[in-house]
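K.L.:
As input, take model_13.txt (compact mmCIF, C-alpha atoms):
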# COMPACT_ATOMS: atom_id res chain seq x y z
CA MET Z 1 30.51 19.91 32.09
CA ALA Z 2 32.01 23.30 31.26
CA ALA Z 3 35.53 21.90 31.63
CA GLU Z 4 34.72 18.98 29.34
CA TRP Z 5 33.29 21.23 26.62
CA GLU Z 6 36.39 23.40 26.83
CA LEU Z 7 38.49 20.26 26.40
CA PHE Z 8 36.36 19.21 23.43
CA THR Z 9 36.91 22.46 21.51
CA LYS Z 10 40.63 22.41 22.31
CA PHE Z 11 41.26 19.07 20.59
CA THR Z 12 38.72 19.22 17.73
CA LYS Z 13 39.53 22.47 15.95
CA ALA Z 14 39.62 20.87 12.48
CA SER Z 15 36.13 19.44 13.04
CA GLY Z 16 34.96 22.97 13.89
CA VAL Z 17 36.40 24.33 10.65
CA GLU Z 18 34.88 21.45 8.65
CA SER Z 19 31.49 22.16 10.21
CA GLU Z 20 31.55 25.83 9.21
CA ILE Z 21 32.44 24.96 5.60
CA SER Z 22 29.73 22.27 5.45
CA LYS Z 23 27.05 24.65 6.70
CA GLN Z 24 27.49 26.65 3.48
CA PHE Z 25 26.28 23.71 1.41
CA SER Z 26 24.08 21.62 3.68
CA PRO Z 27 21.59 22.56 6.44
CA MET Z 28 23.36 22.34 9.80
CA GLY Z 29 26.42 21.08 7.91
CA VAL Z 30 25.34 17.43 8.25
CA THR Z 31 23.65 14.80 6.09
CA SER Z 32 21.16 13.81 8.81
CA SER Z 33 19.89 16.19 11.48
CA PHE Z 34 20.64 13.62 14.18
CA GLN Z 35 24.36 14.02 13.46
CA TYR Z 36 24.55 17.62 14.67
CA TRP Z 37 25.29 18.83 18.17
CA ASP Z 38 26.44 22.18 19.58
CA PRO Z 39 28.95 23.64 19.07
CA TYR Z 40 29.74 21.23 16.19
CA PRO Z 41 29.99 17.48 15.58
CA ILE Z 42 33.10 15.41 15.07
CA ALA Z 43 34.00 15.01 11.37
CA ILE Z 44 35.38 11.58 10.46
CA ALA Z 45 38.01 11.09 7.74
CA SER Z 46 38.32 7.29 7.70
CA ALA Z 47 37.50 4.09 9.58
CA LYS Z 48 38.76 0.53 9.84
CA GLY Z 49 37.86 -2.33 12.15
CA ALA Z 50 36.63 -0.97 15.47
CA TYR Z 51 38.16 2.50 15.07
CA MET Z 52 37.57 5.78 13.24
CA THR Z 53 39.98 8.66 12.59
CA ASP Z 54 38.67 12.21 12.74
CA VAL Z 55 39.86 15.21 10.72
CA ASP Z 56 42.03 16.27 13.67
CA GLY Z 57 43.92 12.97 13.33
CA ARG Z 58 42.54 11.45 16.55
CA LYS Z 59 41.95 7.71 16.61
CA LEU Z 60 38.55 7.01 18.16
CA LEU Z 61 37.16 3.71 19.40
CA ASP Z 62 33.81 3.41 17.63
CA LEU Z 63 31.07 2.08 19.89
CA SER Z 64 28.29 3.51 17.73
CA MET Z 65 29.06 1.37 14.67
CA GLY Z 66 26.37 3.00 12.58
CA PHE Z 67 23.60 1.92 15.01
CA GLY Z 68 24.28 -1.65 13.89
CA ALA Z 69 25.02 -1.09 10.21
CA MET Z 70 28.71 -1.75 10.90
CA LEU Z 71 28.11 -4.96 12.86
CA ALA Z 72 30.91 -6.63 10.90
CA GLY Z 73 33.30 -3.75 11.61
CA HIS Z 74 34.55 -1.02 9.28
CA LEU Z 75 35.99 -2.34 6.00
CA ASN Z 76 35.49 -5.95 7.01
CA PRO Z 77 37.55 -8.01 4.50
CA GLU Z 78 34.61 -10.32 3.66
CA VAL Z 79 32.33 -7.36 2.95
CA VAL Z 80 35.01 -5.61 0.89
CA ALA Z 81 35.67 -8.78 -1.13
CA GLU Z 82 31.98 -9.26 -1.92
CA VAL Z 83 31.61 -5.61 -2.95
CA LYS Z 84 34.67 -5.80 -5.22
CA LYS Z 85 33.25 -8.92 -6.83
CA SER Z 86 29.94 -7.12 -7.35
CA LEU Z 87 31.69 -4.17 -9.02
CA GLU Z 88 32.94 -6.58 -11.68
CA GLU Z 89 29.40 -7.80 -12.36
CA GLY Z 90 27.43 -4.54 -12.38
CA MET Z 91 26.23 -1.75 -10.11
CA LEU Z 92 22.56 -1.50 -11.10
CA PHE Z 93 20.32 -3.59 -13.37
CA VAL Z 94 16.77 -2.40 -12.55
CA THR Z 95 15.61 -5.88 -13.56
CA PRO Z 96 15.24 -9.20 -11.76
CA SER Z 97 18.56 -10.92 -11.15
CA PRO Z 98 19.85 -14.13 -9.58
CA ILE Z 99 21.89 -11.81 -7.36
CA SER Z 100 18.85 -10.23 -5.70
CA ARG Z 101 16.98 -13.54 -5.69
CA ASP Z 102 19.88 -15.14 -3.80
CA ALA Z 103 19.81 -12.37 -1.18
CA SER Z 104 16.05 -12.77 -0.78
CA GLN Z 105 16.45 -16.50 -0.22
CA ARG Z 106 19.17 -15.95 2.38
CA LEU Z 107 17.12 -13.48 4.41
CA CYS Z 108 13.87 -15.48 4.20
CA LYS Z 109 15.68 -18.56 5.45
CA ARG Z 110 17.54 -16.73 8.22
CA PHE Z 111 14.56 -14.81 9.61
CA GLY Z 112 11.97 -17.52 9.02
CA ILE Z 113 9.70 -15.54 6.70
CA ASP Z 114 7.93 -16.47 3.46
CA GLN Z 115 8.65 -13.49 1.21
CA ILE Z 116 10.66 -10.28 1.30
CA ARG Z 117 11.03 -7.05 -0.65
CA PHE Z 118 14.09 -4.78 -0.58
CA ALA Z 119 14.18 -1.04 0.11
CA ASN Z 120 16.95 1.47 0.77
CA SER Z 121 16.34 2.77 4.29
CA GLY Z 122 14.59 1.84 7.49
CA THR Z 123 12.06 4.60 6.84
CA GLU Z 124 11.13 2.99 3.52
CA ALA Z 125 10.86 -0.47 5.08
CA THR Z 126 8.50 0.61 7.87
CA MET Z 127 6.47 2.80 5.51
CA TYR Z 128 5.88 -0.03 3.07
CA ALA Z 129 5.17 -2.56 5.82
CA VAL Z 130 2.42 -0.32 7.17
CA ARG Z 131 1.06 0.27 3.68
CA THR Z 132 1.04 -3.49 3.09
CA ALA Z 133 -0.97 -4.02 6.27
CA LYS Z 134 -3.43 -1.31 5.30
CA ALA Z 135 -3.84 -2.76 1.80
CA PHE Z 136 -4.33 -6.27 3.21
CA THR Z 137 -6.94 -5.25 5.78
CA GLY Z 138 -8.61 -2.42 3.87
CA LYS Z 139 -8.34 -0.32 7.04
CA ASN Z 140 -6.50 2.98 7.44
CA ALA Z 141 -5.54 3.47 11.10
CA MET Z 142 -2.43 2.24 12.88
CA VAL Z 143 -1.20 1.89 16.47
CA LYS Z 144 2.30 2.70 17.65
CA LEU Z 145 4.12 3.10 20.94
CA GLU Z 146 4.64 6.37 22.73
CA GLY Z 147 8.35 7.02 22.33
CA GLY Z 148 8.62 4.52 19.49
CA TYR Z 149 10.76 5.56 16.52
CA HIS Z 150 10.25 4.01 13.09
CA GLY Z 151 11.78 6.55 10.71
CA SER Z 152 10.37 9.73 9.19
CA TYR Z 153 7.26 8.56 7.31
CA ASP Z 154 4.51 10.92 8.53
CA PRO Z 155 2.53 8.46 10.72
CA MET Z 156 5.74 7.18 12.34
CA THR Z 157 6.69 10.63 13.62
CA VAL Z 158 3.61 10.79 15.86
CA SER Z 159 4.67 10.78 19.54
CA ALA Z 160 8.17 9.61 18.65
CA LYS Z 161 9.54 11.70 21.54
CA PRO Z 162 6.66 13.94 22.55
CA ASN Z 163 6.75 16.87 24.93
CA LEU Z 164 5.16 15.64 28.15
CA ASP Z 165 3.15 18.86 28.38
CA LEU Z 166 1.30 17.68 25.27
CA ALA Z 167 1.38 13.93 25.85
CA GLY Z 168 -1.44 13.75 28.41
CA ASP Z 169 -2.39 10.69 30.49
CA PRO Z 170 0.40 8.08 30.76
CA GLU Z 171 -2.23 5.31 30.55
CA ALA Z 172 -3.91 6.78 27.47
CA PRO Z 173 -1.37 9.08 25.78
CA ASN Z 174 -2.33 11.78 23.31
CA ALA Z 175 -1.14 11.35 19.74
CA VAL Z 176 1.30 14.27 19.45
CA VAL Z 177 1.69 15.24 15.79
CA GLN Z 178 4.92 16.70 14.42
CA VAL Z 179 4.56 20.05 12.65
CA GLY Z 180 4.55 19.73 8.88
CA THR Z 181 3.26 16.15 8.76
CA SER Z 182 -0.09 14.62 7.78
CA PRO Z 183 -0.09 11.32 9.66
CA GLY Z 184 -3.69 10.20 9.20
CA ILE Z 185 -5.24 8.18 12.03
CA VAL Z 186 -2.66 7.05 14.60
CA PHE Z 187 -3.38 5.67 18.07
CA VAL Z 188 -0.62 5.81 20.68
CA VAL Z 189 -0.15 3.39 23.59
CA PRO Z 190 2.53 2.98 26.29
CA PHE Z 191 5.00 0.08 26.06
CA ASN Z 192 4.52 -2.86 28.43
CA ASN Z 193 0.90 -1.90 29.09
CA LEU Z 194 -1.50 -4.57 27.86
CA SER Z 195 -4.66 -3.05 29.34
CA ALA Z 196 -4.06 0.23 27.48
CA LEU Z 197 -3.46 -1.65 24.23
CA GLU Z 198 -6.54 -3.83 24.60
CA LYS Z 199 -8.70 -0.78 25.30
CA VAL Z 200 -7.56 0.89 22.07
CA PHE Z 201 -8.06 -2.34 20.11
CA ALA Z 202 -11.51 -2.99 21.57
CA GLU Z 203 -12.77 0.52 20.85
CA ASN Z 204 -11.18 1.00 17.40
CA HIS Z 205 -10.41 -2.41 15.87
CA GLU Z 206 -12.77 -1.86 12.93
CA SER Z 207 -10.48 0.94 11.71
CA ILE Z 208 -7.05 -0.34 12.87
CA ALA Z 209 -4.92 -2.08 10.23
CA CYS Z 210 -1.76 -2.72 12.24
CA PHE Z 211 0.30 -2.31 15.37
CA ILE Z 212 3.97 -1.52 14.73
CA LEU Z 213 6.59 -1.68 17.48
CA GLU Z 214 10.19 -2.56 18.14
CA PRO Z 215 10.15 -5.85 20.09
CA VAL Z 216 12.91 -4.26 22.18
CA LEU Z 217 12.81 -0.46 22.24
CA GLU Z 218 16.17 0.93 21.13
CA ASN Z 219 15.17 4.53 20.74
CA LEU Z 220 15.15 5.06 24.52
CA GLY Z 221 18.41 3.41 25.46
CA ILE Z 222 17.34 -0.22 25.63
CA VAL Z 223 13.90 -1.00 27.04
CA LEU Z 224 13.10 -4.68 27.35
CA PRO Z 225 9.58 -6.11 27.06
CA ASP Z 226 8.05 -7.50 30.24
CA ALA Z 227 7.93 -11.29 30.43
CA GLY Z 228 4.98 -12.46 28.34
CA TYR Z 229 4.17 -9.00 26.97
CA LEU Z 230 4.96 -9.69 23.31
CA GLN Z 231 3.10 -13.00 23.28
CA ALA Z 232 0.09 -11.27 24.77
CA VAL Z 233 0.37 -8.60 22.06
CA ARG Z 234 0.46 -11.37 19.47
CA ASP Z 235 -2.69 -12.87 20.95
CA LEU Z 236 -4.51 -9.52 21.02
CA CYS Z 237 -3.65 -8.84 17.39
CA ASP Z 238 -5.01 -12.25 16.42
CA ARG Z 239 -8.20 -11.71 18.43
CA TYR Z 240 -8.92 -8.35 16.80
CA SER Z 241 -7.59 -9.20 13.29
CA ILE Z 242 -4.86 -6.56 13.47
CA VAL Z 243 -1.56 -7.04 11.60
CA LEU Z 244 1.44 -7.23 13.95
CA ILE Z 245 4.60 -5.56 12.59
CA PHE Z 246 7.97 -5.85 14.31
CA ASP Z 247 10.41 -3.08 13.45
CA GLU Z 248 13.78 -4.83 13.63
CA VAL Z 249 15.68 -2.10 11.83
CA LYS Z 250 17.89 -1.61 14.90
CA THR Z 251 17.73 -5.12 16.33
CA GLY Z 252 17.99 -7.56 13.42
CA LEU Z 253 21.29 -9.41 13.57
CA THR Z 254 22.46 -7.40 16.59
CA ALA Z 255 19.85 -9.33 18.60
CA GLY Z 256 21.16 -12.70 17.48
CA PRO Z 257 21.60 -14.86 14.37
CA GLN Z 258 17.88 -14.75 13.52
CA GLY Z 259 16.81 -11.47 15.08
CA ALA Z 260 14.82 -10.43 18.13
CA ALA Z 261 11.54 -12.11 17.11
CA HIS Z 262 13.19 -15.51 16.95
CA ARG Z 263 15.14 -14.92 20.14
CA ILE Z 264 12.05 -13.89 22.09
CA GLY Z 265 9.91 -16.56 20.44
CA VAL Z 266 7.08 -14.41 19.09
CA GLN Z 267 6.43 -14.35 15.35
CA PRO Z 268 5.05 -11.13 13.82
CA ASP Z 269 3.03 -10.97 10.61
CA LEU Z 270 5.50 -8.57 8.99
CA ILE Z 271 9.06 -7.63 9.88
CA CYS Z 272 11.19 -4.61 8.93
CA LEU Z 273 14.96 -4.97 8.57
CA ALA Z 274 17.89 -2.67 7.74
CA LYS Z 275 21.30 -1.66 9.14
CA SER Z 276 22.87 -4.95 10.28
CA ILE Z 277 21.83 -7.01 7.23
CA GLY Z 278 23.86 -4.95 4.72
CA GLY Z 279 27.41 -4.79 6.06
CA GLY Z 280 27.41 -0.99 5.82
CA LEU Z 281 25.77 -0.72 2.39
CA PRO Z 282 22.49 1.26 2.15
CA LEU Z 283 19.89 -1.49 2.47
CA ALA Z 284 16.56 -2.26 4.07
CA ALA Z 285 13.82 -4.85 3.63
CA PHE Z 286 10.34 -5.79 4.76
CA GLY Z 287 8.66 -9.14 4.56
CA GLY Z 288 6.72 -11.81 6.35
CA LYS Z 289 3.90 -14.25 5.86
CA LYS Z 290 2.85 -14.77 2.25
CA LYS Z 291 -0.82 -14.00 2.83
CA PHE Z 292 0.13 -10.45 3.83
CA MET Z 293 2.77 -10.05 1.09
CA ASP Z 294 0.06 -11.09 -1.39
CA ALA Z 295 -1.11 -7.49 -1.14
CA ILE Z 296 1.96 -6.75 -3.28
CA ASN Z 297 1.53 -9.83 -5.45
CA ASP Z 298 -1.97 -8.78 -6.52
CA ASN Z 299 -1.03 -5.08 -6.73
CA ARG Z 300 -3.21 -3.84 -3.90
CA MET Z 301 0.00 -2.28 -2.55
CA PRO Z 302 2.37 -1.38 -5.40
CA HIS Z 303 5.96 -1.26 -4.21
CA PHE Z 304 8.56 0.59 -6.27
CA GLY Z 305 12.21 1.65 -6.04
CA THR Z 306 14.90 2.06 -8.69
CA PHE Z 307 17.68 1.03 -6.32
CA ASN Z 308 15.82 -1.81 -4.60
CA GLY Z 309 18.00 -4.92 -4.59
CA ASN Z 310 20.96 -3.28 -6.29
CA PRO Z 311 23.97 -5.61 -6.62
CA LEU Z 312 26.23 -3.66 -4.24
CA ALA Z 313 23.71 -3.93 -1.42
CA MET Z 314 23.17 -7.61 -2.23
CA ALA Z 315 26.91 -8.11 -1.82
CA GLY Z 316 26.48 -6.85 1.73
CA VAL Z 317 23.73 -9.40 2.36
CA ARG Z 318 25.96 -12.25 1.13
CA ALA Z 319 28.85 -11.12 3.31
CA MET Z 320 26.77 -10.71 6.46
CA ASP Z 321 25.07 -14.05 5.93
CA LYS Z 322 28.50 -15.68 5.93
CA LEU Z 323 29.94 -13.64 8.79
CA CYS Z 324 27.04 -13.67 11.26
CA THR Z 325 27.24 -17.26 12.38
CA PRO Z 326 25.86 -18.24 15.78
CA GLU Z 327 29.45 -18.68 16.99
CA ALA Z 328 30.62 -15.24 15.81
CA LEU Z 329 27.65 -13.42 17.32
CA ALA Z 330 27.90 -15.42 20.55
CA LYS Z 331 31.54 -14.33 20.91
CA ALA Z 332 30.60 -10.66 20.46
CA GLU Z 333 27.68 -11.01 22.86
CA ALA Z 334 29.93 -12.58 25.50
CA LEU Z 335 32.17 -9.51 25.31
CA ASN Z 336 29.11 -7.29 25.67
CA VAL Z 337 27.87 -9.22 28.72
CA GLN Z 338 31.32 -8.87 30.25
CA ALA Z 339 31.26 -5.09 29.71
CA LEU Z 340 27.78 -4.80 31.21
CA THR Z 341 28.77 -6.87 34.24
CA ARG Z 342 31.96 -4.94 34.94
CA ILE Z 343 30.26 -1.56 34.51
CA SER Z 344 27.44 -2.65 36.82
CA GLU Z 345 30.06 -3.48 39.44
CA ILE Z 346 31.53 0.02 39.09
CA ILE Z 347 28.05 1.53 39.44
CA ASP Z 348 27.61 -0.42 42.69
CA GLU Z 349 31.11 0.40 43.93
CA PHE Z 350 30.62 4.16 43.48
CA GLN Z 351 26.90 4.13 44.31
CA LEU Z 352 25.95 5.88 41.07
CA PRO Z 353 22.30 6.57 40.17
CA ALA Z 354 22.38 4.34 37.10
CA HIS Z 355 21.97 0.82 35.81
CA THR Z 356 22.95 -1.15 32.72
CA VAL Z 357 20.72 -2.83 30.16
CA GLY Z 358 21.78 -5.15 27.37
CA PHE Z 359 20.31 -7.14 24.52
CA GLY Z 360 22.36 -9.16 22.06
CA VAL Z 361 25.53 -7.25 21.22
CA LYS Z 362 24.16 -3.89 22.39
CA GLY Z 363 24.33 -2.32 25.82
CA CYS Z 364 23.67 0.99 27.53
CA ILE Z 365 23.95 2.84 30.81
CA THR Z 366 20.63 4.34 31.86
CA TRP Z 367 21.05 7.17 34.35
CA SER Z 368 18.16 6.17 36.53
CA VAL Z 369 17.98 4.02 39.64
CA ASP Z 370 14.61 2.56 38.64
CA PRO Z 371 14.12 0.29 35.62
CA VAL Z 372 12.76 1.92 32.48
CA ARG Z 373 9.64 0.17 31.11
CA ASN Z 374 8.20 2.90 28.89
CA TYR Z 375 8.65 6.44 27.56
CA ARG Z 376 7.54 8.20 30.77
CA ASP Z 377 10.13 6.24 32.79
CA TYR Z 378 12.77 7.19 30.24
CA LYS Z 379 11.89 10.88 30.54
CA ALA Z 380 12.60 10.69 34.27
CA ALA Z 381 16.26 9.72 33.67
CA ASN Z 382 19.07 12.20 34.37
CA PHE Z 383 20.04 13.57 30.94
CA GLU Z 384 22.64 15.98 32.34
CA ILE Z 385 24.78 13.12 33.60
CA ALA Z 386 24.06 11.22 30.39
CA GLU Z 387 25.45 14.12 28.37
CA LEU Z 388 28.50 14.36 30.62
CA SER Z 389 29.12 10.61 30.27
CA TRP Z 390 28.96 10.85 26.47
CA LEU Z 391 31.22 13.91 26.34
CA TRP Z 392 33.68 12.42 28.83
CA SER Z 393 34.15 9.38 26.60
CA LEU Z 394 34.40 11.45 23.42
CA ASN Z 395 37.17 13.58 24.92
CA ARG Z 396 39.07 10.40 25.77
CA GLY Z 397 38.90 8.69 22.41
CA ILE Z 398 35.60 6.76 22.58
CA ILE Z 399 32.70 7.75 20.34
CA THR Z 400 29.12 6.71 21.08
CA PRO Z 401 25.91 8.11 19.51
CA PRO Z 402 25.13 11.70 20.55
CA GLY Z 403 21.47 11.12 21.31
CA LEU Z 404 22.08 10.32 25.02
CA ASP Z 405 19.52 7.56 24.62
CA GLU Z 406 21.34 5.26 22.23
CA GLN Z 407 23.40 2.13 22.80
CA TRP Z 408 26.96 0.97 22.37
CA LEU Z 409 27.48 -1.91 19.99
CA ILE Z 410 30.11 -4.63 20.27
CA SER Z 411 30.84 -5.59 16.68
CA LEU Z 412 32.67 -8.57 15.23
CA ALA Z 413 35.75 -6.31 15.11
CA HIS Z 414 35.83 -5.55 18.85
CA THR Z 415 38.11 -7.57 21.11
CA GLN Z 416 39.01 -7.80 24.79
CA THR Z 417 41.22 -4.73 24.34
CA GLU Z 418 38.25 -2.58 23.36
CA ILE Z 419 36.10 -3.92 26.22
CA ASP Z 420 38.83 -2.97 28.68
CA LEU Z 421 38.97 0.55 27.19
CA LEU Z 422 35.20 0.94 27.57
CA VAL Z 423 35.16 -0.27 31.16
CA GLU Z 424 38.17 1.71 32.32
CA ASP Z 425 36.82 4.85 30.69
CA PHE Z 426 33.62 4.48 32.72
CA ARG Z 427 35.65 3.86 35.88
CA SER Z 428 37.52 7.13 35.29
CA LEU Z 429 34.17 8.95 35.01
CA ALA Z 430 32.93 7.33 38.21
CA ILE Z 431 36.05 8.47 40.05
CA ALA Z 432 35.60 12.01 38.72
CA LEU Z 433 31.94 12.11 39.74
CA ARG Z 434 32.76 11.04 43.29
CA SER Z 435 35.99 13.01 43.70
Please re-express this file's structure in C-alpha cells.

P.N.:
Amino acid sequence: MAAEWELFTKFTKASGVESEISKQFSPMGVTSSFQYWDPYPIAIASAKGAYMTDVDGRKLLDLSMGFGAMLAGHLNPEVVAEVKKSLEEGMLFVTPSPISRDASQRLCKRFGIDQIRFANSGTEATMYAVRTAKAFTGKNAMVKLEGGYHGSYDPMTVSAKPNLDLAGDPEAPNAVVQVGTSPGIVFVVPFNNLSALEKVFAENHESIACFILEPVLENLGIVLPDAGYLQAVRDLCDRYSIVLIFDEVKTGLTAGPQGAAHRIGVQPDLICLAKSIGGGLPLAAFGGKKKFMDAINDNRMPHFGTFNGNPLAMAGVRAMDKLCTPEALAKAEALNVQALTRISEIIDEFQLPAHTVGFGVKGCITWSVDPVRNYRDYKAANFEIAELSWLWSLNRGIITPPGLDEQWLISLAHTQTEIDLLVEDFRSLAIALRS
C-alpha cells in the first residue's frame, strides 16, 4: 500500500496543486464531499468516449462513468446533437412545453408508469417521492434499509452507513441519526430479511407511510435481493397499506431497457430515477401509479422547481431513449458478463478471498469469501484490500469510484479493448498479491 501511494503522488503532481488551489474556494476543494480522498483526488481536464484525461495529461479508462450518468459514454454524438438542437430552441422556459411533455411520455412508456414529475438530482427525486407517499397516506413515518443510501434528505441519511457500535441488533437495527439532521420517524430494517420487515410493519403500520429501498443495493458494492424477496415485500406493503418506493437512481437504464423493477418483475407504487436517464445532464424524476401522483394533482403535495424539465435535460432524455435500445444494452451487458466471468476465474486461479457480483451493465469485486446479503455482511469485507485494488488500478490508468463499495460500469462506449484492460489489470494485482 505504501509503495502504491508513493507511486500515486509521483505521477499526479498537477492534481495535488489543483487540489490546494481549490481548497481556497471550496470546502475540501471538491464539489461533492464524496469526491475527496487523502492526500488529494485526481482532477480531470476532459473526457470523451470511455476515457478521461487528468490535469497531469494521463489518459484514464473510466469505469466509474458518473455512477451511471455517463451510460452513453462521454460526449456521445447523439447526446451532443440533441443538446445543440436544444440550445437553438431555448435553455429555460419555466412554463409547460411540448419538449418536457415529450420527455414525460417517453419515460412513462419506457418504465411502465402512469405519471412522472422531473427534478434535478436523485436527492430531490427520493425526497419528493417520500413526501408524495406521506401526503397520499396522511401518515408521517417511513421505513428504509440499514445501509441504504437515497441521497441527503434528512430521513434518508438515517443508518445510511452506520457505525456498528451504534447500530445494535442485526435483526432489529437501531435508527442511527446523522448529526445536524432532523429526520422525523424512521424505522430501519436489514435487507433480505422478511421477518424483520413484517415485525416493523405489524407493530407500526398505522404510522408508516412508505418503505423506500433500492431493488438491488448499489451503495454496498452490488447486493442482490434473495429470490422472491421483492415480491414478498410487495405483498407485505399491500397487506399493510404501505406505499412501496423503488429508488432506481443508480439502477434505472443500467439494469436494462426498462429498469430493475421490470427486470425483476415487481412493480412498485412509486419509482425514483436519475443518472442514466439524462445522458450526463443534471436530471432526476419520480413517478408511478396515478392514484399516488394524484397527491400532486390535488395539491396535497406541492412540487416545485425552477429548473424542473429544462430543455437541456430533456434533450438528454430524448438521446438516451434513442440510444438505450434492448440490443445496445444487451451488447454492453454481454461485455460486463465476460469481465465478471474472467475475473472470477482469476480469483479462483490465485485463491483470492473475493467474489464478483453483477447486475445489468454494472459489476464489482467484493473482497469477501461469503456472499453479501445485507449491511452487516458488507461490513465484514476486507476494505484494506479493496483500497489497494482501487489504488492499484488508478496508478495503472483505470479509474473507478473511490468509495471502495461502488461498481464499475460498462457503458455503450466500452469495447472488447476496455474489457481486456480491466481483466488484465486485475490479473496483475492478483500476481502481485501472491508474489

K.L.:
Report the closest atom pair, with its distance in Å rounded to one decimal, for each residue of segment 246-265 of chain Z that has an atom no farther than 6 Å from segment 358-369 of chain Z; count only C-alpha atoms, sort by chain and then rising residue number, and write it as a Markdown table.

P.N.:
| residue | atom | partner | partner_atom | distance |
| --- | --- | --- | --- | --- |
| Z:Thr254 | CA | Z:Val361 | CA | 5.6 |
| Z:Ala255 | CA | Z:Gly360 | CA | 4.3 |
| Z:Gly256 | CA | Z:Gly360 | CA | 5.9 |

K.L.:
Output C-alpha atoms for every residue in the selection just made, as a CSV table (one decimal), in the frame of the given file.

P.N.:
chain,number,residue,atom,x,y,z
Z,254,THR,CA,22.5,-7.4,16.6
Z,255,ALA,CA,19.8,-9.3,18.6
Z,256,GLY,CA,21.2,-12.7,17.5

K.L.:
List every residue of segment 390-413 of chain Z that has an atom at most 10 Å from any atom of segment 59-62 of chain Z, and for each one report the closest atom pair and its distance in Å to one decimal, counting only C-alpha atoms, with rows sorted by chain and then by increasing residue number, as a tab-separated table.

P.N.:
residue	atom	partner	partner_atom	distance
Z:Ser393	CA	Z:Leu61	CA	9.6
Z:Leu394	CA	Z:Leu60	CA	8.0
Z:Asn395	CA	Z:Leu60	CA	9.5
Z:Arg396	CA	Z:Leu60	CA	8.3
Z:Gly397	CA	Z:Leu60	CA	4.6
Z:Ile398	CA	Z:Leu61	CA	4.7
Z:Ile399	CA	Z:Asp62	CA	5.2
Z:Thr400	CA	Z:Asp62	CA	6.7
Z:Pro401	CA	Z:Asp62	CA	9.4
Z:Trp408	CA	Z:Asp62	CA	8.7
Z:Leu409	CA	Z:Asp62	CA	8.6
Z:Ile410	CA	Z:Asp62	CA	9.2
Z:Ser411	CA	Z:Asp62	CA	9.5

K.L.:
May I have the protein, DNA and RNA residues with an atom at most 9 Å from (-4.1, -2.9, 3.5), counting only C-alpha atoms in the file's coordinates, returned as JSON, numbers by chain?

P.N.:
{"Z": [130, 131, 132, 133, 134, 135, 136, 137, 138, 139, 140, 209, 292, 295, 300, 301]}

K.L.:
Give the answer as one residue: which of Z:Val357, Z:Leu270, Z:Ile347, Z:Leu412 has the shortest atom-to-atom distance to Asp114 of chain Z, using all atoms listed in the file?

P.N.:
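Of the candidates, the smallest distance to Asp114 of chain Z is held by Z:Leu270.
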
K.L.:
Could you check which of Z:Asn374, Z:Thr9, Z:Gly288, Z:Pro257 is closest to Glu327 of chain Z, using only C-alpha atoms?

P.N.:
Z:Pro257

K.L.:
Would you mind telling me which residue in Z:Tyr36, Z:Phe67, Z:Phe8, Z:Tyr149 lies nearest to Ser276 of chain Z when using only C-alpha atoms?

P.N.:
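Distance minimum relative to Ser276 of chain Z lands on Z:Phe67.
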
K.L.:
Between atom CA of Lys289 of chain Z and atom CA of Asp269 of chain Z, measure the distance and give it in Å to one decimal.

P.N.:
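Atom CA of Lys289 of chain Z sits 5.8 Å away from atom CA of Asp269 of chain Z.
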
K.L.:
What's the separation between atom CA of Ala328 of chain Z and atom CA of Val83 of chain Z, in Å to one decimal place?

P.N.:
21.1 Å

K.L.:
Which residue, Z:Ser121, Z:Asn174, Z:Ser86, Z:Gln115, has the smallest gap to Ile271 of chain Z when you use only C-alpha atoms?

P.N.:
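Closest residue, counting only C-alpha atoms: Z:Gln115.
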
K.L.:
What residues have an atom no more than 9 Å from (12.9, 0.6, 23.3) in the file's own frame, counting only C-alpha atoms, and can you write them as a list in words?

P.N.:
Gly147, Gly148, Tyr149, Phe191, Leu213, Glu214, Pro215, Val216, Leu217, Glu218, Asn219, Leu220, Gly221, Ile222, Val223, Leu224, Pro225, Arg373, Asn374 and Tyr375 of chain Z

K.L.:
Counting all atoms listed in the file, which of Z:Gly90, Z:Gly122, Z:Gly184, Z:Pro402 gets nearest to Pro282 of chain Z?

P.N.:
Z:Gly122

K.L.:
Go through Z:Ala432, Z:Ala274, Z:Val176, Z:Asn336 and flag the residue nearest Met70 of chain Z, using all atoms listed in the file for the distances.

P.N.:
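When distances to Met70 of chain Z are compared using all atoms listed in the file, the smallest one comes from Z:Ala274.
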
K.L.:
If you measure from atom CA of Leu107 of chain Z to atom CA of Leu244 of chain Z, what distance in Å do you get, rounded to one decimal?

P.N.:
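Spanning atom CA of Leu107 of chain Z to atom CA of Leu244 of chain Z is a straight-line distance of 19.4 Å.
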